[in-house]
Amino acid sequence: MNPHEFWQDILADDAEPATDFFPARFDDGRVLRLPLRPLPDGKHALASLIVNQASFAVVAALAADLADKLRPFAPDIIVGLPTLGLTLAAAVAEQLGHRRYVPLGTSRKFWYREDLSVPLASITTPGQPKRLYIDPRMLPLLTNQRVALVDDVISTGASMSAAITLLAQADITPIALGTAMLQSDAWATPLAAWTTRTATVLRSPVLPLAAG
């Protein structure tokens, strides 16, 4: 497949041998083909999902499934992680019948406070130190509310851990975490306390290089 053709369609099933893609499966058996991203070691790869390049139909399907899985936690408001998690978080909030959601950000506006920020590292942007911020004006929307954190992919757990720490600085503890895809099992150690409160649509492993 050409790079721009990925994450555009959800297939009812997929019997084609997966050689240059990973068939990520919904619980009902539907398949979303994901491209493979080789890791620097030259021996492994990960399946990649870029939500803001997906078709509207795919985003809607991911959001609907994730909303169904978050609904038992009864969140009052969704908080989205930048950058790609914002697209998903907004769609999940709408699926849950919410009027709005709260986006976190990495761009510091002049009215932001440093005490409401934390360092942020991402597997997709190595060597680019950033900080994660919450707009102080949004805090009244979160106080004494049931908050669910949503990101597009949870891989190492670093971004989600940063978001949890950031909310803790405002005395807010999420009731659940949500993601379109859990990528490998690396996240399970830093987010060990959240494994039973983490909802996902898709799962993908670390893929070892094989002959052919």
# chains A, B, ... in the order shown; residues from 1 in each chain; ligands from 1
call {"tool": "closest_atom_pairs", "arguments": {"of": "segment 65-122 of chain A", "to": "segment 157-168 of chain A", "cutoff": "8 Å", "atoms": "only C-alpha atoms", "output": "CSV"}}
result
residue,atom,partner,partner_atom,distance
A:Leu81,CA,A:Ala163,CA,7.4
A:Leu116,CA,A:Leu166,CA,6.5
A:Ser117,CA,A:Leu166,CA,6.1
A:Val118,CA,A:Leu166,CA,6.0
A:Pro119,CA,A:Ala162,CA,7.1
A:Leu120,CA,A:Ser159,CA,6.2
A:Ala121,CA,A:Ser159,CA,6.4
A:Ser122,CA,A:Ser159,CA,6.3
call {"tool": "select_by_dssp", "arguments": {"residues": "segment 160-191 of chain A", "states": "strand (DSSP E)", "output": "list in words"}}
result
Ala176, Leu177, Gly178, Thr179, Ala180, Met181, Leu182 and Gln183 of chain A
call {"tool": "closest_residue", "arguments": {"among": "A:Leu182, A:Ala93, A:Pro35, A:Trp111", "to": "Asp20 of chain A", "atoms": "only C-alpha atoms"}}
result
A:Pro35
call {"tool": "residues_around", "arguments": {"residues": "Phe6 of chain A", "least_positions_apart": "5", "cutoff": "9 Å", "atoms": "only C-alpha atoms", "output": "list of chain:residue names"}}
result
A:Met1, A:Leu32, A:Arg33, A:Leu34, A:Pro35, A:Leu49, A:Gln53, A:Ala54
call {"tool": "closest_residue", "arguments": {"among": "A:Thr19, A:Gln8, A:Thr173, A:Thr83", "to": "Phe56 of chain A", "atoms": "only C-alpha atoms"}}
result
A:Gln8
call {"tool": "closest_atom_pairs", "arguments": {"of": "segment 148-175 of chain A", "to": "segment 61-77 of chain A", "cutoff": "10 Å", "atoms": "only C-alpha atoms", "output": "CSV"}}
result
residue,atom,partner,partner_atom,distance
A:Ala148,CA,A:Pro75,CA,5.9
A:Leu149,CA,A:Ile77,CA,8.9
A:Val150,CA,A:Leu66,CA,9.4
A:Asp152,CA,A:Leu62,CA,9.7
A:Pro174,CA,A:Pro75,CA,9.0
A:Ile175,CA,A:Phe73,CA,6.9
call {"tool": "atom_distance", "arguments": {"atom1": "atom CA of Ala60 of chain A", "atom2": "atom CA of Asn144 of chain A"}}
result
29.1 Å
call {"tool": "closest_residue", "arguments": {"among": "A:Pro23, A:Pro17, A:Gly97, A:Pro136", "to": "Leu202 of chain A", "atoms": "only C-alpha atoms"}}
result
A:Pro23
